[in-house]
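S.K.: Dumping the structure here so I can ask a few things about it.
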Amino acid sequence: MKNRKLALLAFALPVGALTAASPAWADESTTLHADLAPLNDSGASGTSTVTVEGTRVTVDIDTSGLLAEQPHAQHFHIGGTNMCPSSDAVDDVEDDDRLSTSEGQPSYGGIEASLTTEGDTSPDSALAVERFPAADADGNVSYQRTFEVSADVASAIEAGEAVIVQHGVDYNGNGEYDAEGGGASDLDPELPAEATDPATCGKLTPAPEGGMAAGGGGTGSEGLDALALGSGAALVAVAGAGFLARKRMFQGR
Ligand SMILES: [Cu+2]
C-alpha cells in the first residue's frame with residue numbers, strides 16, 4: 001500500500017510539472033517595434049511598440065513634430081510590399097511634390113485597422129477624425145490603446161507585415177488643414193489633402209527574441225532555445241520514470 005502511494009506520487013509529478021509549464025506557452029506574445037520616419041517633409045518622427053497576444057493588440061505610439069492641435073488619423077496598413085514608401089518621384093505618380101495616401105498604397109497596402117482613441121477600430125473608422133488623437137500644442141502625440149483585431153490582422157502584424165502610418169501634414173504652414181495646401185483629399189473629396197496625406201510611416205519589426213532580459217543579442221535567444229529544449233528533455237525523463245514506477249505498481253499487484 002505504501003509502495004503504491006509512492007508510485008502514484010511519482011506519476012503525478014511529471015503531470016504537475018507539465019501543467020505548471022503550459023501557461024507560459026499559452027501566454028506567448030509577440031512584441032514589435034517601429035521607427036516612424038517623416039513622409040512629405042512633415043518633420044514628424046516617433047516610435048511605436050505593438051504587442052500581439054492572440055487577437056489582442058496593445059499599441060503604443062509616441063510622435064513629435066506633427067501639426068499641433070489637429071487630429072492625426074493613424075492606421076495599421078497591411079499589403080503592398082509591406083514597406084514605407086519613399087517620398088520621391090518614384091512613388092509620387094501624380095508628380096505634384098506630395099505623396100497622397102493612395103500613392104503610398106503599393107508600398108504599405110490598405111488600411112486594416114484604425115488606431116482610434118475610442119470606439120470602433122475597423123477600417124470603417126479610417127477617417128473618423130474626431131476619434132483620432134490630436135497633437136498637443138507642441139505637436140506631440142502620445143497614444144496607447146489595447147483592442148481586438150481579426151485573426152488575419154493579428155498574424156500579419158506578428159509576421160512583420162504591418163506598417164503604421166500617421167496622417168496630417170500642413171503643407172502651407174498656416175497651422176490648420178485646408179485645401180490651399182494640397183487640394184482635396186484622395187480619400188474623401190470633402191476633406192483637404194492636408195488632413196489625410198501621410199506624415200509618418202514605420203514598418204513594425206518583431207523585437208529580438210529574449211528581449212532586453214537576454215541582452216537582446218542572437219546568443220541570448222539561442223540560450224533560451226537550449227534551455228527550453230533542456231527542460232523538455234528533463235520532463236520526458238521524469239515522465240519516463242513515472243511510467244516505470246506505474247509499471248512496477250501494476251506488476252506488484
Ligand atoms: Cu493610414
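Residue numbering restarts at 1 for every chain of the C-alpha cells, chains are lettered A, B, ... in their displayed order, and ligands are numbered from 1 as they appear.
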Would you mind listing what lies within 12 Å of stretch 183-189 of chain A as JSON, numbers by chain, with only C-alpha atoms counted and same-chain residues fewer than 6 positions away left out?

M.R.: {"A": [94, 96, 98, 99, 100, 101, 102, 103, 104, 105, 110, 111, 126, 127, 128, 129, 167, 168, 169, 170, 171, 172, 177, 195, 196, 197, 198]}

S.K.: Go ahead and dump the residues you just picked, N, CA and C atoms, as a CSV table (one decimal), in the first residue's frame.

M.R.:
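What ended up in result.csv:
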```csv
chain,number,residue,atom,x,y,z
A,94,GLU,N,1.5,61.3,-59.3
A,94,GLU,CA,0.9,62.5,-59.9
A,94,GLU,C,1.9,63.6,-60.1
A,96,ASP,N,3.2,65.8,-58.1
A,96,ASP,CA,2.8,67.1,-57.6
A,96,ASP,C,3.5,67.4,-56.3
A,98,ARG,N,3.9,65.9,-53.7
A,98,ARG,CA,3.4,65.3,-52.4
A,98,ARG,C,2.9,63.9,-52.6
A,99,LEU,N,3.1,63.1,-51.6
A,99,LEU,CA,2.7,61.7,-51.6
A,99,LEU,C,1.3,61.6,-51.0
A,100,SER,N,0.3,61.2,-51.8
A,100,SER,CA,-1.0,61.0,-51.2
A,100,SER,C,-1.1,59.7,-50.5
A,101,THR,N,-2.1,59.4,-49.8
A,101,THR,CA,-2.3,58.1,-49.1
A,101,THR,C,-2.4,57.0,-50.2
A,102,SER,N,-3.1,57.3,-51.3
A,102,SER,CA,-3.2,56.3,-52.3
A,102,SER,C,-1.9,56.0,-53.0
A,103,GLU,N,-1.1,57.0,-53.2
A,103,GLU,CA,0.2,56.8,-53.9
A,103,GLU,C,1.1,55.9,-53.0
A,104,GLY,N,0.9,55.9,-51.7
A,104,GLY,CA,1.8,55.1,-50.8
A,104,GLY,C,1.3,53.7,-50.7
A,105,GLN,N,0.1,53.4,-51.2
A,105,GLN,CA,-0.5,52.1,-51.1
A,105,GLN,C,0.2,50.9,-51.7
A,110,GLY,N,-3.3,48.6,-47.8
A,110,GLY,CA,-4.5,49.2,-47.4
A,110,GLY,C,-4.7,49.4,-45.9
A,111,ILE,N,-5.7,50.1,-45.5
A,111,ILE,CA,-6.0,50.3,-44.1
A,111,ILE,C,-6.7,49.1,-43.5
A,126,ALA,N,-11.6,54.6,-40.7
A,126,ALA,CA,-10.4,55.1,-41.3
A,126,ALA,C,-10.3,56.6,-41.2
A,127,LEU,N,-11.4,57.3,-41.4
A,127,LEU,CA,-11.4,58.8,-41.4
A,127,LEU,C,-12.3,59.4,-40.3
A,128,ALA,N,-12.4,58.6,-39.2
A,128,ALA,CA,-13.2,59.1,-38.1
A,128,ALA,C,-12.4,60.2,-37.3
A,129,VAL,N,-12.2,61.3,-37.9
A,129,VAL,CA,-11.3,62.3,-37.5
A,129,VAL,C,-11.5,62.7,-36.0
A,167,HIS,N,-1.3,60.3,-40.4
A,167,HIS,CA,-1.7,61.2,-41.4
A,167,HIS,C,-1.8,62.7,-40.9
A,168,GLY,N,-1.8,63.6,-41.8
A,168,GLY,CA,-2.0,65.0,-41.5
A,168,GLY,C,-0.7,65.8,-41.6
A,169,VAL,N,-0.7,66.6,-42.7
A,169,VAL,CA,0.5,67.4,-43.0
A,169,VAL,C,0.1,68.9,-43.3
A,170,ASP,N,0.8,69.8,-42.8
A,170,ASP,CA,0.5,71.2,-43.0
A,170,ASP,C,1.4,71.8,-44.1
A,171,TYR,N,1.1,71.5,-45.4
A,171,TYR,CA,2.0,71.9,-46.5
A,171,TYR,C,2.3,73.4,-46.5
A,172,ASN,N,1.2,74.2,-46.3
A,172,ASN,CA,1.4,75.6,-46.5
A,172,ASN,C,1.7,76.3,-45.1
A,177,TYR,N,-5.6,72.4,-41.3
A,177,TYR,CA,-5.8,71.6,-42.6
A,177,TYR,C,-6.7,72.5,-43.5
A,195,ALA,N,-5.3,66.9,-44.5
A,195,ALA,CA,-5.8,66.1,-43.3
A,195,ALA,C,-5.5,64.6,-43.5
A,196,THR,N,-5.3,64.2,-44.7
A,196,THR,CA,-5.2,62.7,-44.9
A,196,THR,C,-3.8,62.3,-45.5
A,197,ASP,N,-3.0,63.2,-46.1
A,197,ASP,CA,-1.7,62.7,-46.6
A,197,ASP,C,-0.8,62.2,-45.5
A,198,PRO,N,0.0,61.2,-45.8
A,198,PRO,CA,0.8,60.6,-44.7
A,198,PRO,C,1.9,61.5,-44.2
```

S.K.: What residues have any atom no more than 6 Å from ligand 1 when counting only C-alpha atoms and all ligand atoms, and can you list them as a ChimeraX atom specification?

M.R.: /A:74-75,111,165-166

S.K.: List the spatial neighbours of A:Thr58 as a PDB file with N, CA, C and O atoms, in the first residue's frame - criterion: any atom at most 7 Å away, only C-alpha atoms, same-chain residues fewer than 5 positions off excluded.

M.R.:
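And here is the file that came out, result09.pdb:
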```
ATOM      1  N   VAL A  50       4.251  47.578 -30.433  1.00  0.00           N
ATOM      2  CA  VAL A  50       2.983  46.857 -30.530  1.00  0.00           C
ATOM      3  C   VAL A  50       3.186  45.454 -29.977  1.00  0.00           C
ATOM      4  O   VAL A  50       4.148  44.774 -30.336  1.00  0.00           O
ATOM      5  N   THR A  51       2.291  45.057 -29.070  1.00  0.00           N
ATOM      6  CA  THR A  51       2.331  43.693 -28.539  1.00  0.00           C
ATOM      7  C   THR A  51       1.077  42.955 -28.991  1.00  0.00           C
ATOM      8  O   THR A  51      -0.029  43.484 -28.876  1.00  0.00           O
ATOM      9  N   VAL A  52       1.275  41.775 -29.539  1.00  0.00           N
ATOM     10  CA  VAL A  52       0.173  40.951 -30.024  1.00  0.00           C
ATOM     11  C   VAL A  52       0.069  39.721 -29.141  1.00  0.00           C
ATOM     12  O   VAL A  52       1.052  39.009 -28.927  1.00  0.00           O
ATOM     13  N   ARG A 145      -3.447  52.166 -26.660  1.00  0.00           N
ATOM     14  CA  ARG A 145      -4.751  51.515 -26.616  1.00  0.00           C
ATOM     15  C   ARG A 145      -4.582  50.013 -26.815  1.00  0.00           C
ATOM     16  O   ARG A 145      -3.717  49.570 -27.579  1.00  0.00           O
ATOM     17  N   THR A 146      -5.423  49.244 -26.112  1.00  0.00           N
ATOM     18  CA  THR A 146      -5.490  47.791 -26.298  1.00  0.00           C
ATOM     19  C   THR A 146      -6.841  47.465 -26.897  1.00  0.00           C
ATOM     20  O   THR A 146      -7.868  47.938 -26.401  1.00  0.00           O
ATOM     21  N   PHE A 147      -6.837  46.707 -27.984  1.00  0.00           N
ATOM     22  CA  PHE A 147      -8.104  46.355 -28.630  1.00  0.00           C
ATOM     23  C   PHE A 147      -7.951  45.058 -29.411  1.00  0.00           C
ATOM     24  O   PHE A 147      -6.848  44.530 -29.550  1.00  0.00           O
TER      25      PHE A 147
END
```

S.K.: If you run DSSP on the backbone here, which positions in stretch 15-135 of chain A get helix (DSSP H, G or I)? Please write them as a PyMOL selection string.

M.R.: chain A and resi 15-26+101-108+123-125+129-131

S.K.: Restricted to C-alpha atoms, what would the selected residues look like written as a short mmCIF file (atom, residue, chain, number, x, y, z; two decimals), in the first residue's frame?

M.R.:
```
data_model
loop_
_atom_site.label_atom_id
_atom_site.label_comp_id
_atom_site.auth_asym_id
_atom_site.auth_seq_id
_atom_site.Cartn_x
_atom_site.Cartn_y
_atom_site.Cartn_z
CA VAL A 15 1.83 15.74 -14.91
CA GLY A 16 2.04 18.55 -12.38
CA ALA A 17 5.21 19.84 -13.99
CA LEU A 18 3.59 19.86 -17.42
CA THR A 19 0.51 21.69 -16.13
CA ALA A 20 2.68 24.31 -14.47
CA ALA A 21 4.66 24.79 -17.68
CA SER A 22 1.72 25.12 -20.07
CA PRO A 23 0.53 28.68 -19.22
CA ALA A 24 3.95 30.02 -20.26
CA TRP A 25 3.38 28.70 -23.77
CA ALA A 26 -0.29 29.75 -23.92
CA THR A 101 -2.29 58.13 -49.13
CA SER A 102 -3.21 56.26 -52.33
CA GLU A 103 0.21 56.81 -53.86
CA GLY A 104 1.76 55.11 -50.83
CA GLN A 105 -0.54 52.11 -51.06
CA PRO A 106 1.67 49.96 -53.36
CA SER A 107 4.24 50.16 -50.55
CA TYR A 108 2.27 49.97 -47.31
CA PRO A 123 -11.19 50.14 -41.45
CA ASP A 124 -14.70 51.70 -41.30
CA SER A 125 -13.23 54.29 -38.92
CA VAL A 129 -11.30 62.34 -37.48
CA GLU A 130 -12.97 63.12 -34.15
CA ARG A 131 -11.79 59.80 -32.65
#
```

S.K.: Contacts of A:Ala154 at 12 Å or less, counting only C-alpha atoms, minus same-chain residues fewer than 3 places along, as a PyMOL selection string?

M.R.: chain A and resi 29-32+50-58+76+78+112-113+147-151+157-162

S.K.: Could you please determine the separation between atom CA of A:Ser45 and atom CA of A:Asp152 in Å, to one decimal place?

M.R.: 28.1 Å

S.K.: Write out as a PDB file with all heavy atoms, in the first residue's frame the residues lying within 6 Å of A:Glu69, counting only C-alpha atoms and excluding same-chain residues fewer than 4 positions away.

M.R.:
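Once written, part_22.pdb looks like this:
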```
ATOM      1  N   ALA A 134      -5.338  64.022 -31.175  1.00  0.00           N
ATOM      2  CA  ALA A 134      -4.878  65.320 -31.661  1.00  0.00           C
ATOM      3  C   ALA A 134      -3.498  65.577 -31.056  1.00  0.00           C
ATOM      4  O   ALA A 134      -3.230  65.210 -29.909  1.00  0.00           O
ATOM      5  CB  ALA A 134      -5.854  66.408 -31.260  1.00  0.00           C
ATOM      6  N   ALA A 135      -2.645  66.190 -31.845  1.00  0.00           N
ATOM      7  CA  ALA A 135      -1.336  66.565 -31.312  1.00  0.00           C
ATOM      8  C   ALA A 135      -1.516  67.701 -30.307  1.00  0.00           C
ATOM      9  O   ALA A 135      -2.428  68.526 -30.457  1.00  0.00           O
ATOM     10  CB  ALA A 135      -0.415  67.001 -32.444  1.00  0.00           C
ATOM     11  N   ASP A 136      -0.664  67.720 -29.286  1.00  0.00           N
ATOM     12  CA  ASP A 136      -0.767  68.805 -28.303  1.00  0.00           C
ATOM     13  C   ASP A 136      -0.175  70.097 -28.893  1.00  0.00           C
ATOM     14  O   ASP A 136       0.203  70.150 -30.070  1.00  0.00           O
ATOM     15  CB  ASP A 136      -0.093  68.394 -26.983  1.00  0.00           C
ATOM     16  CG  ASP A 136       1.416  68.234 -27.098  1.00  0.00           C
ATOM     17  OD1 ASP A 136       2.004  68.697 -28.099  1.00  0.00           O
ATOM     18  OD2 ASP A 136       2.016  67.632 -26.187  1.00  0.00           O
ATOM     19  N   ALA A 137      -0.081  71.133 -28.068  1.00  0.00           N
ATOM     20  CA  ALA A 137       0.359  72.457 -28.543  1.00  0.00           C
ATOM     21  C   ALA A 137       1.785  72.411 -29.109  1.00  0.00           C
ATOM     22  O   ALA A 137       2.181  73.282 -29.900  1.00  0.00           O
ATOM     23  CB  ALA A 137       0.261  73.474 -27.418  1.00  0.00           C
TER      24      ALA A 137
END
```

S.K.: Please measure the separation of atom CA of A:Ser122 and atom CA of A:Ser86, giving the value in Å to one decimal.

M.R.: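 The value is 26.5 Å.
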
S.K.: Atom CA of A:Ser155 and atom CA of A:Phe132, how far apart in Å?

M.R.: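 Computed distance, atom CA of A:Phe132 to atom CA of A:Ser155, equals 24.4 Å.
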
S.K.: Given the choices A:Asp120, A:Ala73, A:Asn82, A:Ile164, which gets closest to A:Leu36 if the distance is worked out from only C-alpha atoms?

M.R.: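 Among the listed residues, the smallest separation from A:Leu36 belongs to A:Ile164.
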